[in-house]
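Shown next, in structure tokens, is the structure this report addresses.
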Amino acid sequence: MNGLFQFCLPESFHPREFLRTPNLIHQADDARYFMSLILTKTARGQVDQFGNVRLMAKYLRNIMHKHRYNHVVDALLERGAVERVPYQVGKQSFGYRLAERFRDDKHVRIAAEDFRLIDRLRSFHEEAEHERQSRMKPEHFALERHQQLLTIDGNQVRDIIASLPQRSNPWDSQGVLVRDIEDRDFHVNVGRFGRLSNNITSMKLEIRPALRLRSEPLQHVDIRCCQPALIGRELRSKTEDKAQSGRRKEQATEAGQAGSIVPRRGC
């Protein structure tokens with residue numbers, strides 16, 4: 001996240017519509033943070049198999065108001081800003097998604113104003129950055145450097161997004177990804193199981209032709225299920241190398257044995 005902390009929100013979302021008590025209206029930035037977190041994770045594909053964003057209460061408490069965060073979330077649920085699916089004890093936390101009423105909204109960016117929340121966000125991002133880098137390998141850092149050279153043709157990409165079927169860009173998730181690149185807000189993250197996500201992994205194939213590297217358009221090849229194929233190729237290569245090494249040793253041994261047999265000369 002660049003210097004200024006911004007929330008990424010559906011354009012028709014206004015906290016006052018949902019936080020209707022005097023105590024809660026002061027937590028407007030908490031509501032914006034919660035909505036922004038869901039929208040950003042949705043855009044980046046950080047969802048479960050049903051498209052829900054899983055959020056753990058202990059992390060929400062660390063950033064939102066410790067004693068009022070649950071009241072903010074309940075107000076957003078009760079008045080229809082978000083939807084929630086149950087959690088499985090010991091397995092998964094609650095899952096959230098933005099309400100259908102926001103599905104066709106464009107997104108907007110709004111700067112955070114609550115200094116308490118800003119301080120907590122800063123601390124959280126510093127800790128998260130340390131953890132993120134601890135999971136990265138040299139090739140991930142190299143990819144991160146290359147990604148920062150990317151630009152995107154704004155006019156072309158907006159024409160492409162406008163031509164997409166309405167249901168294929170829910171909550172303007174593709175617009176969120178595009179705006180991140182335009183704002184030079186790049187991210188590379190390696191999950192617990194080694195899966196990498198960045199600014200383009202959740203970008204639709206139709207949009208990627210608008211990407212530029214040193215002003216040149218990019219070409220891409222999408223190889224489905226390539227990881228098992230690459231693993232198989234690597235294993236076969238190693239097996240073949242071992243087999244060849246074994247044959248060379250056998251040949252060397254045979255040559256050595258042959259060289260040790262000296263023909264007897266006649267007397």
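A note on labels: chains of the structure tokens are A, B, ... as shown, every chain counts residues from 1, and ligands are counted from 1 in their shown order.
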
TODO: Go through stretch 29-136 of chain A and collect every residue that DSSP, computed from the backbone, puts in strand (DSSP E); the answer should be as an MDAnalysis selection string.
DONE: chainID A and resid 53:55 82:85 94:98 107:111

For the residues selected in the previous step, produce a file with N, CA and C atoms as a CSV table (one decimal), in the first residue's frame.
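out.csv, freshly written:
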```
chain,number,residue,atom,x,y,z
A,53,VAL,N,-14.7,-14.3,1.2
A,53,VAL,CA,-13.5,-13.9,1.9
A,53,VAL,C,-13.5,-14.3,3.3
A,54,ARG,N,-12.5,-15.2,3.7
A,54,ARG,CA,-12.5,-15.7,5.1
A,54,ARG,C,-11.7,-14.7,5.9
A,55,LEU,N,-12.3,-14.2,7.0
A,55,LEU,CA,-11.7,-13.2,7.9
A,55,LEU,C,-11.7,-13.7,9.3
A,82,VAL,N,-23.2,-6.4,3.6
A,82,VAL,CA,-22.4,-7.6,3.4
A,82,VAL,C,-23.2,-8.8,3.7
A,83,GLU,N,-22.8,-10.0,3.2
A,83,GLU,CA,-23.4,-11.3,3.5
A,83,GLU,C,-22.3,-12.1,4.2
A,84,ARG,N,-22.8,-13.0,5.0
A,84,ARG,CA,-21.8,-13.9,5.8
A,84,ARG,C,-22.3,-15.3,5.7
A,85,VAL,N,-21.3,-16.2,5.6
A,85,VAL,CA,-21.6,-17.7,5.7
A,85,VAL,C,-20.9,-18.2,7.0
A,94,PHE,N,-15.4,-17.2,9.6
A,94,PHE,CA,-16.5,-16.7,8.9
A,94,PHE,C,-16.1,-16.3,7.5
A,95,GLY,N,-17.0,-16.5,6.5
A,95,GLY,CA,-16.8,-16.0,5.1
A,95,GLY,C,-17.7,-14.9,4.8
A,96,TYR,N,-17.2,-13.8,4.1
A,96,TYR,CA,-17.9,-12.6,3.8
A,96,TYR,C,-17.9,-12.4,2.3
A,97,ARG,N,-18.9,-11.7,1.8
A,97,ARG,CA,-18.9,-11.1,0.5
A,97,ARG,C,-19.7,-9.9,0.5
A,98,LEU,N,-19.4,-9.0,-0.5
A,98,LEU,CA,-20.2,-7.8,-0.6
A,98,LEU,C,-21.7,-8.1,-1.0
A,107,HIS,N,-15.8,1.1,-8.4
A,107,HIS,CA,-15.2,1.3,-7.1
A,107,HIS,C,-14.6,2.7,-7.0
A,108,VAL,N,-14.4,3.2,-5.8
A,108,VAL,CA,-13.8,4.5,-5.5
A,108,VAL,C,-12.7,4.3,-4.4
A,109,ARG,N,-11.8,5.3,-4.4
A,109,ARG,CA,-10.7,5.2,-3.4
A,109,ARG,C,-10.9,6.4,-2.4
A,110,ILE,N,-10.9,6.1,-1.1
A,110,ILE,CA,-11.2,7.2,-0.1
A,110,ILE,C,-10.1,7.1,0.9
A,111,ALA,N,-9.4,8.2,1.2
A,111,ALA,CA,-8.3,8.2,2.2
A,111,ALA,C,-8.8,8.0,3.6
```

Task: DSSP-assigned alpha helix (DSSP H) members of stretch 157-224 of chain A, reported as a PyMOL selection string - done: chain A and resi 157-163+173-182

Dump as a short mmCIF file (atom, residue, chain, number, x, y, z; two decimals), in the first residue's frame, selection limited to all heavy atoms:
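selection_34.cif, written as the output of this step:
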```cif
data_model
loop_
_atom_site.label_atom_id
_atom_site.label_comp_id
_atom_site.auth_asym_id
_atom_site.auth_seq_id
_atom_site.Cartn_x
_atom_site.Cartn_y
_atom_site.Cartn_z
N VAL A 157 -7.77 -0.42 -21.74
CA VAL A 157 -8.30 -1.32 -20.73
C VAL A 157 -9.72 -0.94 -20.33
O VAL A 157 -10.56 -1.81 -20.05
CB VAL A 157 -7.37 -1.37 -19.50
CG1 VAL A 157 -7.51 -0.14 -18.62
CG2 VAL A 157 -7.64 -2.62 -18.67
N ARG A 158 -10.04 0.34 -20.32
CA ARG A 158 -11.40 0.74 -19.97
C ARG A 158 -12.40 0.36 -21.06
O ARG A 158 -13.55 0.02 -20.78
CB ARG A 158 -11.44 2.23 -19.64
CG ARG A 158 -10.88 2.51 -18.25
CD ARG A 158 -10.71 3.97 -17.92
NE ARG A 158 -10.21 4.11 -16.56
CZ ARG A 158 -8.94 3.92 -16.20
NH1 ARG A 158 -8.05 3.59 -17.10
NH2 ARG A 158 -8.57 4.05 -14.94
N ASP A 159 -11.95 0.41 -22.30
CA ASP A 159 -12.81 -0.06 -23.39
C ASP A 159 -13.05 -1.57 -23.26
O ASP A 159 -14.16 -2.05 -23.49
CB ASP A 159 -12.15 0.23 -24.74
CG ASP A 159 -12.19 1.72 -25.09
OD1 ASP A 159 -13.00 2.44 -24.48
OD2 ASP A 159 -11.41 2.14 -25.96
N ILE A 160 -12.01 -2.30 -22.86
CA ILE A 160 -12.15 -3.75 -22.69
C ILE A 160 -13.11 -4.06 -21.55
O ILE A 160 -14.01 -4.90 -21.69
CB ILE A 160 -10.78 -4.40 -22.43
CG1 ILE A 160 -9.87 -4.26 -23.66
CG2 ILE A 160 -10.94 -5.88 -22.08
CD1 ILE A 160 -8.44 -4.71 -23.41
N ILE A 161 -12.93 -3.38 -20.42
CA ILE A 161 -13.80 -3.63 -19.26
C ILE A 161 -15.25 -3.30 -19.60
O ILE A 161 -16.18 -4.03 -19.23
CB ILE A 161 -13.32 -2.82 -18.04
CG1 ILE A 161 -12.00 -3.40 -17.52
CG2 ILE A 161 -14.37 -2.83 -16.94
CD1 ILE A 161 -11.40 -2.63 -16.35
N ALA A 162 -15.45 -2.22 -20.35
CA ALA A 162 -16.82 -1.83 -20.72
C ALA A 162 -17.47 -2.87 -21.62
O ALA A 162 -18.70 -3.01 -21.64
CB ALA A 162 -16.80 -0.47 -21.42
N SER A 163 -16.66 -3.62 -22.36
CA SER A 163 -17.20 -4.63 -23.28
C SER A 163 -17.45 -5.98 -22.61
O SER A 163 -18.06 -6.86 -23.21
CB SER A 163 -16.24 -4.83 -24.46
OG SER A 163 -15.05 -5.48 -24.04
N SER A 173 -14.22 -5.63 -9.76
CA SER A 173 -12.98 -6.25 -9.29
C SER A 173 -11.84 -6.07 -10.29
O SER A 173 -10.68 -5.87 -9.90
CB SER A 173 -13.20 -7.73 -9.00
OG SER A 173 -13.75 -8.39 -10.13
N GLN A 174 -12.15 -6.10 -11.59
CA GLN A 174 -11.11 -5.89 -12.59
C GLN A 174 -10.63 -4.44 -12.59
O GLN A 174 -9.45 -4.16 -12.79
CB GLN A 174 -11.61 -6.29 -13.98
CG GLN A 174 -11.94 -7.77 -14.11
CD GLN A 174 -10.73 -8.65 -13.85
OE1 GLN A 174 -9.71 -8.53 -14.51
NE2 GLN A 174 -10.86 -9.55 -12.89
N GLY A 175 -11.56 -3.53 -12.35
CA GLY A 175 -11.17 -2.12 -12.24
C GLY A 175 -10.24 -1.87 -11.07
O GLY A 175 -9.35 -1.02 -11.14
N VAL A 176 -10.44 -2.62 -9.98
CA VAL A 176 -9.55 -2.50 -8.82
C VAL A 176 -8.13 -2.90 -9.20
O VAL A 176 -7.16 -2.20 -8.86
CB VAL A 176 -10.07 -3.39 -7.66
CG1 VAL A 176 -9.04 -3.44 -6.52
CG2 VAL A 176 -11.41 -2.89 -7.16
N LEU A 177 -7.98 -4.01 -9.92
CA LEU A 177 -6.66 -4.49 -10.32
C LEU A 177 -5.98 -3.50 -11.26
O LEU A 177 -4.77 -3.24 -11.14
CB LEU A 177 -6.78 -5.85 -11.00
CG LEU A 177 -7.38 -6.98 -10.15
CD1 LEU A 177 -7.57 -8.24 -10.99
CD2 LEU A 177 -6.49 -7.28 -8.95
N VAL A 178 -6.75 -2.95 -12.17
CA VAL A 178 -6.20 -1.98 -13.13
C VAL A 178 -5.73 -0.72 -12.40
O VAL A 178 -4.63 -0.21 -12.65
CB VAL A 178 -7.25 -1.63 -14.20
CG1 VAL A 178 -6.80 -0.42 -15.02
CG2 VAL A 178 -7.49 -2.83 -15.11
N ARG A 179 -6.56 -0.24 -11.49
CA ARG A 179 -6.21 0.99 -10.76
C ARG A 179 -4.94 0.78 -9.92
O ARG A 179 -4.11 1.70 -9.78
CB ARG A 179 -7.38 1.40 -9.88
CG ARG A 179 -7.12 2.62 -9.00
CD ARG A 179 -6.97 3.92 -9.78
NE ARG A 179 -6.68 5.01 -8.86
CZ ARG A 179 -7.61 5.71 -8.22
NH1 ARG A 179 -8.90 5.45 -8.41
NH2 ARG A 179 -7.27 6.69 -7.41
N ASP A 180 -4.78 -0.41 -9.36
CA ASP A 180 -3.57 -0.69 -8.58
C ASP A 180 -2.32 -0.51 -9.44
O ASP A 180 -1.32 0.07 -8.99
CB ASP A 180 -3.60 -2.12 -8.03
CG ASP A 180 -4.51 -2.26 -6.83
OD1 ASP A 180 -4.91 -1.23 -6.26
OD2 ASP A 180 -4.83 -3.41 -6.46
N ILE A 181 -2.37 -1.01 -10.67
CA ILE A 181 -1.21 -0.87 -11.56
C ILE A 181 -1.01 0.59 -11.94
O ILE A 181 0.13 1.09 -11.96
CB ILE A 181 -1.38 -1.74 -12.82
CG1 ILE A 181 -1.38 -3.23 -12.43
CG2 ILE A 181 -0.27 -1.47 -13.83
CD1 ILE A 181 -1.63 -4.17 -13.58
N GLU A 182 -2.08 1.29 -12.22
CA GLU A 182 -1.97 2.71 -12.57
C GLU A 182 -1.38 3.52 -11.41
O GLU A 182 -0.62 4.46 -11.64
CB GLU A 182 -3.34 3.26 -12.95
CG GLU A 182 -3.86 2.74 -14.28
CD GLU A 182 -5.22 3.30 -14.63
OE1 GLU A 182 -6.07 3.45 -13.72
OE2 GLU A 182 -5.45 3.60 -15.82
#
```

Open item on the list: Give me the residues near A:Met136 as a PyMOL selection string, where near means some atom within 12 Å (using only C-alpha atoms) and where sequence neighbours in that chain fewer than 2 positions away do not count.
Closed with: chain A and resi 129-134+138-144+188-197

Open item on the list: Please report the interatomic distance between atom CA of A:Phe34 and atom CA of A:Glu11 in Å with one decimal.
Closed with: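 Taking atom CA of A:Phe34 and atom CA of A:Glu11, their separation equals 14.9 Å.
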
Task: Nearest to A:Asp114, chosen from A:Arg145, A:Lys242, A:Arg32, A:Arg68, with only C-alpha atoms counted in the distances - done: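 Closest to A:Asp114 of all the choices is A:Arg32.
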